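So this one's query-v3.txt, compact mmCIF, C-alpha atoms (C1' of nucleotides):
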```txt
# COMPACT_ATOMS: atom_id res chain seq x y z
CA MET I 1 8.25 13.32 -40.65
CA THR I 2 5.00 12.27 -39.07
CA GLU I 3 4.57 9.41 -41.50
CA LYS I 4 1.58 7.30 -40.69
CA LYS I 5 2.37 3.65 -40.29
CA TYR I 6 -0.73 2.80 -38.33
CA CYS I 7 -4.37 3.66 -38.67
CA ILE I 8 -5.42 7.03 -37.41
CA LYS I 9 -7.43 5.75 -34.47
CA THR I 10 -4.52 3.66 -33.33
CA GLU I 11 -2.22 6.64 -33.60
CA THR I 12 -4.61 8.89 -31.72
CA LEU I 13 -5.24 6.40 -28.97
CA ALA I 14 -1.51 5.83 -28.55
CA GLN I 15 -0.91 9.54 -28.41
CA MET I 16 -3.47 10.03 -25.69
CA ALA I 17 -2.23 7.04 -23.77
CA LYS I 18 1.24 8.45 -23.98
CA ALA I 19 0.05 11.78 -22.63
CA LEU I 20 -1.48 9.92 -19.70
CA GLY I 21 1.59 7.78 -19.25
CA HIS I 22 3.04 9.61 -16.30
CA PRO I 23 1.70 9.65 -12.75
CA ALA I 24 2.06 13.41 -12.46
CA ARG I 25 -0.14 13.85 -15.51
CA ILE I 26 -2.73 11.41 -14.22
CA ALA I 27 -2.69 13.29 -10.94
CA ILE I 28 -3.18 16.57 -12.76
CA MET I 29 -6.18 15.23 -14.66
CA LYS I 30 -7.72 13.86 -11.49
CA PHE I 31 -7.14 17.15 -9.74
CA LEU I 32 -8.59 19.21 -12.56
CA ALA I 33 -11.60 16.96 -12.72
CA LYS I 34 -12.64 17.76 -9.20
CA GLN I 35 -11.61 21.36 -9.14
CA ASP I 36 -13.60 24.36 -9.84
CA THR I 37 -10.77 26.82 -9.70
CA CYS I 38 -7.67 25.46 -11.31
CA TYR I 39 -4.80 27.87 -11.33
CA PHE I 40 -1.32 26.74 -12.07
CA GLY I 41 -0.35 27.39 -8.46
CA ASP I 42 -3.04 25.08 -7.14
CA ILE I 43 -1.82 22.33 -9.39
CA HIS I 44 1.77 22.94 -8.46
CA GLU I 45 0.92 22.76 -4.75
CA GLU I 46 -0.64 19.38 -5.30
CA LEU I 47 2.45 17.86 -6.88
CA PRO I 48 5.86 16.95 -5.49
CA ILE I 49 7.81 18.48 -8.36
CA ALA I 50 9.27 21.82 -9.38
CA LYS I 51 7.10 24.36 -11.13
CA ALA I 52 9.16 24.15 -14.31
CA THR I 53 8.37 20.46 -14.43
CA VAL I 54 4.69 21.02 -13.71
CA SER I 55 4.60 23.49 -16.56
CA GLN I 56 6.12 20.89 -18.85
CA HIS I 57 3.55 18.29 -17.90
CA LEU I 58 0.77 20.78 -18.47
CA SER I 59 2.19 21.51 -21.90
CA ALA I 60 2.19 17.83 -22.71
CA LEU I 61 -1.44 17.48 -21.71
CA LYS I 62 -2.36 20.59 -23.64
CA GLU I 63 -0.47 19.34 -26.65
CA ALA I 64 -2.49 16.14 -26.51
CA GLY I 65 -5.65 18.20 -26.30
CA LEU I 66 -6.69 16.90 -22.93
CA ILE I 67 -6.61 20.24 -21.17
CA GLN I 68 -6.65 23.88 -22.04
CA GLY I 69 -5.21 26.92 -20.36
CA GLU I 70 -6.18 30.52 -20.26
CA ILE I 71 -4.14 33.46 -19.09
CA GLU I 72 -5.80 35.46 -16.35
CA THR I 73 -2.88 37.60 -15.47
CA PRO I 74 -0.92 37.19 -13.50
CA LYS I 75 -2.31 33.70 -13.11
CA VAL I 76 -3.09 30.96 -15.56
CA ARG I 77 -6.23 28.97 -15.30
CA TYR I 78 -6.32 25.41 -16.50
CA CYS I 79 -9.17 23.02 -17.07
CA ILE I 80 -10.04 19.83 -18.83
CA ASN I 81 -10.91 20.12 -22.50
CA LYS I 82 -14.26 18.44 -22.28
CA GLU I 83 -14.76 17.80 -25.93
CA ASN I 84 -11.50 15.97 -26.31
CA TRP I 85 -11.95 14.34 -22.96
CA GLU I 86 -15.14 12.79 -24.26
CA TYR I 87 -13.38 11.68 -27.38
CA ALA I 88 -10.59 10.09 -25.38
CA LYS I 89 -13.15 8.39 -23.20
CA GLN I 90 -14.79 7.00 -26.30
CA LEU I 91 -11.55 5.80 -27.86
CA PHE I 92 -10.43 4.06 -24.69
CA GLY I 93 -13.93 2.72 -24.25
CA GLU I 94 -13.94 1.16 -27.68
CA PHE I 95 -10.48 -0.19 -27.12
CA PHE I 96 -11.28 -1.90 -23.86
CA ASP I 97 -14.61 -3.11 -25.10
CA MET I 98 -12.98 -5.09 -27.89
CA GLU I 99 -14.27 -8.57 -27.88
CA LEU I 100 -11.53 -10.97 -26.98
CA GLN I 101 -11.29 -14.29 -28.75
CA LYS I 102 -11.68 -17.38 -26.61
CA GLY I 103 -13.15 -17.27 -23.18
CA ASP I 104 -10.18 -18.76 -21.38
CA ASN I 105 -6.51 -18.10 -21.45
CA SER I 106 -5.88 -21.41 -23.11
CA CYS I 107 -3.43 -20.06 -25.61
CA CYS I 108 -0.91 -19.10 -23.01
CA TYR I 109 -2.04 -19.59 -19.68
CA MET O 1 14.32 3.27 -6.01
CA THR O 2 10.72 2.98 -6.99
CA GLU O 3 9.75 5.58 -4.45
CA LYS O 4 6.07 6.27 -4.48
CA LYS O 5 5.21 9.90 -4.91
CA TYR O 6 1.68 9.30 -6.08
CA CYS O 7 -1.08 6.99 -4.96
CA ILE O 8 -0.87 3.45 -6.13
CA LYS O 9 -3.85 3.63 -8.46
CA THR O 10 -2.42 6.68 -10.12
CA GLU O 11 0.91 4.96 -10.53
CA THR O 12 -0.66 1.83 -11.94
CA LEU O 13 -2.88 3.69 -14.34
CA ALA O 14 0.04 5.76 -15.56
CA GLN O 15 2.12 2.66 -16.03
CA MET O 16 -0.54 0.99 -18.13
CA ALA O 17 -1.15 4.13 -20.12
CA LYS O 18 2.54 4.35 -20.76
CA ALA O 19 2.62 0.78 -21.98
CA LEU O 20 -0.17 1.65 -24.40
CA GLY O 21 1.53 4.85 -25.43
CA HIS O 22 2.93 3.64 -28.70
CA PRO O 23 0.96 2.85 -31.84
CA ALA O 24 2.81 -0.42 -32.39
CA ARG O 25 1.73 -1.58 -28.96
CA ILE O 26 -1.86 -0.54 -29.51
CA ALA O 27 -1.77 -2.40 -32.80
CA ILE O 28 -0.41 -5.47 -31.06
CA MET O 29 -3.18 -5.41 -28.48
CA LYS O 30 -5.82 -5.00 -31.15
CA PHE O 31 -4.33 -7.83 -33.12
CA LEU O 32 -4.11 -10.15 -30.16
CA ALA O 33 -7.67 -9.36 -29.20
CA LYS O 34 -9.03 -10.72 -32.43
CA GLN O 35 -6.62 -13.58 -32.88
CA ASP O 36 -6.96 -17.09 -31.89
CA THR O 37 -3.49 -18.13 -32.77
CA CYS O 38 -0.95 -15.52 -31.87
CA TYR O 39 2.60 -16.50 -32.59
CA PHE O 40 5.35 -13.97 -32.61
CA GLY O 41 5.67 -14.36 -36.36
CA ASP O 42 2.04 -13.46 -36.94
CA ILE O 43 2.45 -10.33 -34.91
CA HIS O 44 5.66 -9.44 -36.65
CA GLU O 45 4.01 -9.85 -40.04
CA GLU O 46 1.34 -7.41 -39.02
CA LEU O 47 3.75 -4.65 -38.10
CA PRO O 48 6.05 -2.47 -40.19
CA ILE O 49 9.06 -2.87 -37.91
CA ALA O 50 11.98 -5.22 -37.39
CA LYS O 51 11.54 -8.33 -35.32
CA ALA O 52 13.97 -7.11 -32.67
CA THR O 53 11.75 -4.09 -32.21
CA VAL O 54 8.59 -6.18 -32.11
CA SER O 55 10.19 -8.30 -29.44
CA GLN O 56 10.95 -5.18 -27.43
CA HIS O 57 7.38 -3.94 -27.65
CA LEU O 58 6.12 -7.31 -26.58
CA SER O 59 8.43 -7.19 -23.59
CA ALA O 60 7.07 -3.80 -22.65
CA LEU O 61 3.50 -5.05 -22.79
CA LYS O 62 4.44 -8.15 -20.84
CA GLU O 63 6.24 -6.03 -18.28
CA ALA O 64 3.08 -4.01 -17.82
CA GLY O 65 1.12 -7.22 -17.40
CA LEU O 66 -1.09 -6.66 -20.40
CA ILE O 67 0.00 -9.77 -22.26
CA GLN O 68 1.70 -13.04 -21.59
CA GLY O 69 3.86 -15.29 -23.68
CA GLU O 70 4.49 -18.98 -23.71
CA ILE O 71 7.25 -20.87 -25.43
CA GLU O 72 6.02 -23.52 -27.79
CA THR O 73 9.31 -24.30 -29.36
CA PRO O 74 10.45 -23.21 -31.72
CA LYS O 75 7.66 -20.66 -31.65
CA VAL O 76 6.34 -18.35 -28.99
CA ARG O 77 2.67 -17.85 -28.45
CA TYR O 78 1.37 -14.58 -27.11
CA CYS O 79 -2.00 -13.58 -25.81
CA ILE O 80 -3.71 -10.96 -23.76
CA ASN O 81 -3.53 -11.39 -20.01
CA LYS O 82 -7.23 -11.30 -19.38
CA GLU O 83 -7.12 -10.76 -15.67
CA ASN O 84 -4.95 -7.68 -15.97
CA TRP O 85 -6.80 -6.58 -19.06
CA GLU O 86 -9.95 -6.47 -16.99
CA TYR O 87 -8.18 -4.55 -14.29
CA ALA O 88 -6.84 -2.05 -16.80
CA LYS O 89 -10.31 -1.71 -18.24
CA GLN O 90 -11.64 -0.98 -14.80
CA LEU O 91 -8.94 1.56 -13.95
CA PHE O 92 -9.40 3.43 -17.20
CA GLY O 93 -13.13 3.16 -16.78
CA GLU O 94 -13.04 4.74 -13.35
CA PHE O 95 -10.69 7.39 -14.62
CA PHE O 96 -12.84 8.44 -17.52
CA ASP O 97 -16.02 8.20 -15.51
CA MET O 98 -14.76 10.80 -13.04
CA GLU O 99 -17.36 13.42 -12.57
CA LEU O 100 -16.15 16.69 -13.94
CA GLN O 101 -16.95 19.89 -12.07
CA LYS O 102 -19.08 22.42 -13.88
CA GLY O 103 -21.08 21.52 -16.91
CA ASP O 104 -19.51 24.01 -19.25
CA ASN O 105 -15.98 25.01 -20.01
CA SER O 106 -16.50 28.29 -18.26
CA CYS O 107 -13.19 28.21 -16.47
CA CYS O 108 -11.26 28.38 -19.67
CA TYR O 109 -13.65 29.10 -22.30
C1' DT F 1 9.61 53.35 -10.57
C1' DA F 2 11.03 49.41 -7.72
C1' DT F 3 9.28 45.02 -5.81
C1' DA F 4 6.45 41.09 -5.61
C1' DA F 5 3.71 37.46 -7.62
C1' DT F 6 2.83 34.14 -11.18
C1' DG F 7 4.18 31.07 -14.76
C1' DT F 8 6.86 30.08 -18.95
C1' DT F 9 11.02 29.24 -21.29
C1' DC F 10 15.99 28.11 -21.46
C1' DG F 11 19.88 25.22 -20.77
C1' DC F 12 21.51 21.36 -19.03
C1' DA F 13 22.12 16.45 -17.23
C1' DA F 14 20.61 11.93 -16.65
C1' DA F 15 17.70 8.48 -17.85
C1' DC F 16 14.81 6.22 -20.96
C1' DC F 17 12.76 4.85 -25.67
C1' DT F 18 12.76 3.34 -30.41
C1' DA F 19 14.79 1.14 -33.99
C1' DC F 20 17.98 -1.78 -36.29
C1' DG F 21 21.28 -5.54 -37.65
C1' DA F 22 24.11 -9.05 -35.88
C1' DA F 23 24.92 -12.63 -32.85
C1' DC F 24 22.94 -16.06 -30.18
C1' DA F 25 20.01 -20.11 -28.21
C1' DA F 26 17.00 -23.94 -28.91
C1' DT F 27 14.76 -27.06 -31.44
C1' DT F 28 13.55 -29.36 -36.07
C1' DT F 29 14.47 -30.84 -40.36
C1' DT F 30 17.55 -32.50 -43.84
C1' DA L 1 26.09 -33.54 -38.06
C1' DA L 2 24.76 -29.53 -40.87
C1' DA L 3 21.23 -26.30 -42.01
C1' DA L 4 16.94 -24.06 -41.31
C1' DT L 5 13.42 -21.96 -38.34
C1' DT L 6 11.92 -19.07 -34.68
C1' DG L 7 12.61 -15.48 -31.42
C1' DT L 8 15.49 -13.23 -27.91
C1' DT L 9 19.34 -10.60 -26.50
C1' DC L 10 23.27 -7.50 -27.41
C1' DG L 11 25.31 -3.38 -28.92
C1' DT L 12 24.70 0.86 -30.79
C1' DA L 13 22.81 5.24 -32.55
C1' DG L 14 19.74 8.89 -32.29
C1' DG L 15 15.95 10.96 -30.26
C1' DT L 16 12.79 11.97 -26.44
C1' DT L 17 11.47 12.58 -21.51
C1' DT L 18 11.93 14.07 -16.95
C1' DG L 19 13.64 17.03 -13.73
C1' DC L 20 15.77 21.11 -11.97
C1' DG L 21 17.38 25.95 -11.18
C1' DA L 22 17.99 30.27 -13.29
C1' DA L 23 16.51 33.73 -16.19
C1' DC L 24 12.75 35.87 -18.23
C1' DA L 25 8.06 38.16 -19.25
C1' DT L 26 3.99 40.21 -17.55
C1' DT L 27 0.98 42.33 -14.60
C1' DA L 28 -0.09 43.97 -9.73
C1' DT L 29 1.33 46.30 -5.72
C1' DA L 30 3.97 49.35 -2.83
```

Output the structure of this file as structure tokens.
Amino acid sequence: MTEKKYCIKTETLAQMAKALGHPARIAIMKFLAKQDTCYFGDIHEELPIAKATVSQHLSALKEAGLIQGEIETPKVRYCINKENWEYAKQLFGEFFDMELQKGDNSCCY
Amino acid sequence: MTEKKYCIKTETLAQMAKALGHPARIAIMKFLAKQDTCYFGDIHEELPIAKATVSQHLSALKEAGLIQGEIETPKVRYCINKENWEYAKQLFGEFFDMELQKGDNSCCY
DNA sequence: TATAATGTTCGCAAACCTACGAACAATTTT
DNA sequence: AAAATTGTTCGTAGGTTTGCGAACATTATA
């Protein structure tokens, strides 16, 4: 499994994009970015979905390295993983800063 | 259908992220960015997957507005949709330029 | 020790994604 | 007209995602 058909940066970028590829997860990131306290319950309140589903989305973001969680019983505190956030920012930055060939859309307009 | 549970920018960003959430599709975008000629066949050659699958990925990117295709029988020419590319760039830019609360990772060490 | 509060995990259903080969459509070449 | 070229669409298989409620684990409170 996990065979690598594409270059590592491409794989990583795709993985992060995938993690961000759901509105609930974008909403979570936006919420975490502006929050100081960030308990699970606060996040759940913000979203129109069941807590089990919120938990799943949080797992996905954690899996991708974009956030981290810490148990503070009985609550769980979440926040953005700043190091990886910066890396993601850089990867997406490079990606969107690619120089495009040809100034117009002449090839397919 | 298509009920809107999240704000439109969040939905749009998620949709674009989702479209970019596969290494083959990232690879396609990178390839198109540096190509002048961009026929289906050229793209297919570049990727380790069957042409039916390539066609599907291209559809997904087109659906998301990131690329466009034009029939030039018997070939099909693809290229990046620059207008939407710029918009995507802006959306991701805004997203990653969000100001994060707190300078450290104190909330979750 | 029971009860409440907070989240995670489980089990399930429905939908969606990824990949492929085969069949197809449209033109071009022979 | 037959054959080749170029891609798309179809059908199918297997896997993944999304969503939920219910059950669970853990600590805090009564």

Interface, chain I side, toward chain F (10 Å; only C-alpha atoms (C1' of nucleotides)) as a ChimeraX atom specification: /I:39-41,51-52,55-56,71,73-76

Chain I residues within 7 Å of chain O, counting all atoms listed in the file: which ones, as a PyMOL selection string? chain I and resi 6+10-11+14-15+17-18+20-23+26-27+33-36+68-70+77-79+89+96+98-101+107-108

Output, as a compact mmCIF listing (two decimals) with C-alpha atoms, in the frame of the given file, the coordinates of chain O following least-squares superposition onto chain I across all in-order C-alpha pairs.
```txt
# COMPACT_ATOMS: atom_id res chain seq x y z
CA MET O 1 7.87 13.60 -40.85
CA THR O 2 4.80 12.40 -39.08
CA GLU O 3 4.47 9.51 -41.46
CA LYS O 4 1.53 7.34 -40.64
CA LYS O 5 2.40 3.71 -40.21
CA TYR O 6 -0.70 2.83 -38.26
CA CYS O 7 -4.34 3.71 -38.61
CA ILE O 8 -5.39 7.06 -37.35
CA LYS O 9 -7.41 5.76 -34.42
CA THR O 10 -4.50 3.68 -33.28
CA GLU O 11 -2.20 6.66 -33.54
CA THR O 12 -4.58 8.91 -31.66
CA LEU O 13 -5.22 6.41 -28.92
CA ALA O 14 -1.51 5.82 -28.48
CA GLN O 15 -0.88 9.53 -28.34
CA MET O 16 -3.45 10.03 -25.62
CA ALA O 17 -2.22 7.03 -23.70
CA LYS O 18 1.26 8.41 -23.91
CA ALA O 19 0.10 11.74 -22.56
CA LEU O 20 -1.45 9.90 -19.63
CA GLY O 21 1.62 7.77 -19.16
CA HIS O 22 3.08 9.62 -16.23
CA PRO O 23 1.71 9.66 -12.70
CA ALA O 24 2.09 13.43 -12.41
CA ARG O 25 -0.11 13.85 -15.45
CA ILE O 26 -2.71 11.43 -14.17
CA ALA O 27 -2.68 13.32 -10.89
CA ILE O 28 -3.16 16.58 -12.74
CA MET O 29 -6.15 15.24 -14.63
CA LYS O 30 -7.70 13.89 -11.46
CA PHE O 31 -7.14 17.18 -9.74
CA LEU O 32 -8.58 19.22 -12.55
CA ALA O 33 -11.60 16.96 -12.73
CA LYS O 34 -12.64 17.79 -9.21
CA GLN O 35 -11.63 21.41 -9.17
CA ASP O 36 -13.62 24.40 -9.89
CA THR O 37 -10.81 26.84 -9.75
CA CYS O 38 -7.68 25.50 -11.33
CA TYR O 39 -4.81 27.92 -11.37
CA PHE O 40 -1.32 26.78 -12.09
CA GLY O 41 -0.37 27.46 -8.49
CA ASP O 42 -3.05 25.15 -7.16
CA ILE O 43 -1.83 22.38 -9.39
CA HIS O 44 1.76 23.01 -8.45
CA GLU O 45 0.89 22.86 -4.76
CA GLU O 46 -0.66 19.48 -5.28
CA LEU O 47 2.41 17.94 -6.85
CA PRO O 48 5.82 17.04 -5.44
CA ILE O 49 7.79 18.55 -8.31
CA ALA O 50 9.25 21.88 -9.36
CA LYS O 51 7.10 24.41 -11.12
CA ALA O 52 9.15 24.20 -14.30
CA THR O 53 8.37 20.50 -14.40
CA VAL O 54 4.69 21.06 -13.69
CA SER O 55 4.61 23.52 -16.54
CA GLN O 56 6.14 20.91 -18.82
CA HIS O 57 3.57 18.30 -17.87
CA LEU O 58 0.81 20.77 -18.47
CA SER O 59 2.22 21.48 -21.90
CA ALA O 60 2.24 17.79 -22.68
CA LEU O 61 -1.39 17.43 -21.68
CA LYS O 62 -2.31 20.54 -23.64
CA GLU O 63 -0.40 19.25 -26.64
CA ALA O 64 -2.44 16.06 -26.48
CA GLY O 65 -5.60 18.13 -26.29
CA LEU O 66 -6.64 16.84 -22.90
CA ILE O 67 -6.58 20.21 -21.18
CA GLN O 68 -6.60 23.85 -22.05
CA GLY O 69 -5.18 26.91 -20.39
CA GLU O 70 -6.17 30.51 -20.31
CA ILE O 71 -4.16 33.47 -19.16
CA GLU O 72 -5.83 35.48 -16.46
CA THR O 73 -2.91 37.64 -15.63
CA PRO O 74 -0.92 37.25 -13.64
CA LYS O 75 -2.32 33.77 -13.21
CA VAL O 76 -3.10 30.99 -15.62
CA ARG O 77 -6.24 28.96 -15.35
CA TYR O 78 -6.31 25.39 -16.53
CA CYS O 79 -9.14 23.00 -17.09
CA ILE O 80 -10.00 19.80 -18.83
CA ASN O 81 -10.86 20.08 -22.50
CA LYS O 82 -14.22 18.41 -22.29
CA GLU O 83 -14.72 17.78 -25.95
CA ASN O 84 -11.45 15.92 -26.30
CA TRP O 85 -11.93 14.30 -22.93
CA GLU O 86 -15.12 12.77 -24.25
CA TYR O 87 -13.35 11.64 -27.37
CA ALA O 88 -10.56 10.07 -25.35
CA LYS O 89 -13.15 8.37 -23.19
CA GLN O 90 -14.78 6.98 -26.28
CA LEU O 91 -11.53 5.77 -27.84
CA PHE O 92 -10.42 4.05 -24.66
CA GLY O 93 -13.91 2.70 -24.22
CA GLU O 94 -13.93 1.14 -27.66
CA PHE O 95 -10.47 -0.21 -27.08
CA PHE O 96 -11.27 -1.92 -23.83
CA ASP O 97 -14.62 -3.14 -25.07
CA MET O 98 -12.97 -5.09 -27.88
CA GLU O 99 -14.26 -8.58 -27.89
CA LEU O 100 -11.51 -10.97 -26.99
CA GLN O 101 -11.29 -14.30 -28.79
CA LYS O 102 -11.69 -17.39 -26.68
CA GLY O 103 -13.15 -17.27 -23.24
CA ASP O 104 -10.20 -18.75 -21.43
CA ASN O 105 -6.51 -18.13 -21.53
CA SER O 106 -5.98 -21.41 -23.28
CA CYS O 107 -3.50 -20.03 -25.76
CA CYS O 108 -1.02 -19.22 -23.09
CA TYR O 109 -2.23 -20.74 -20.03
```

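Here atom C1' of DA25 of chain L is placed at a distance of 18.3 Å from atom CA of Thr53 of chain I.
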
Grab the atom C1' of DT5 of chain L to atom CA of Leu61 of chain O distance for me, in Å with one decimal place. 25.0 Å

Using all atoms listed in the file, what table do you get, as CSV, when you list each residue of chain L with an atom no more than 12 Å from chain I, its nearest pair of atoms, and their distance in Å rounded to one decimal, rows by chain then rising number?
```
residue,atom,partner,partner_atom,distance
L:DT17,C1',I:Gln56,CA,10.2
L:DT18,C1',I:Thr53,CA,7.7
L:DG19,C1',I:Thr53,CA,6.3
L:DC20,C1',I:Ala50,CA,7.0
L:DG21,C1',I:Ala52,CA,9.0
L:DA22,C1',I:Ala52,CA,10.8
L:DA25,C1',I:Pro74,CA,10.7
L:DT26,C1',I:Pro74,CA,7.0
L:DT27,C1',I:Pro74,CA,5.6
L:DA28,C1',I:Pro74,CA,7.8
```

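The space between atom CA of Ala64 of chain I and atom C1' of DT16 of chain L spans 15.8 Å.
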
Centre and edge lengths, as JSON, for the axis-aligned box enclosing every listed atom of segment 11-20 of chain F with 8 Å of padding on each of the six sides, in Å to one decimal?
```
{"center_x": 17.4, "center_y": 11.7, "center_z": -26.5, "size_x": 25.4, "size_y": 43.0, "size_z": 35.6}
```
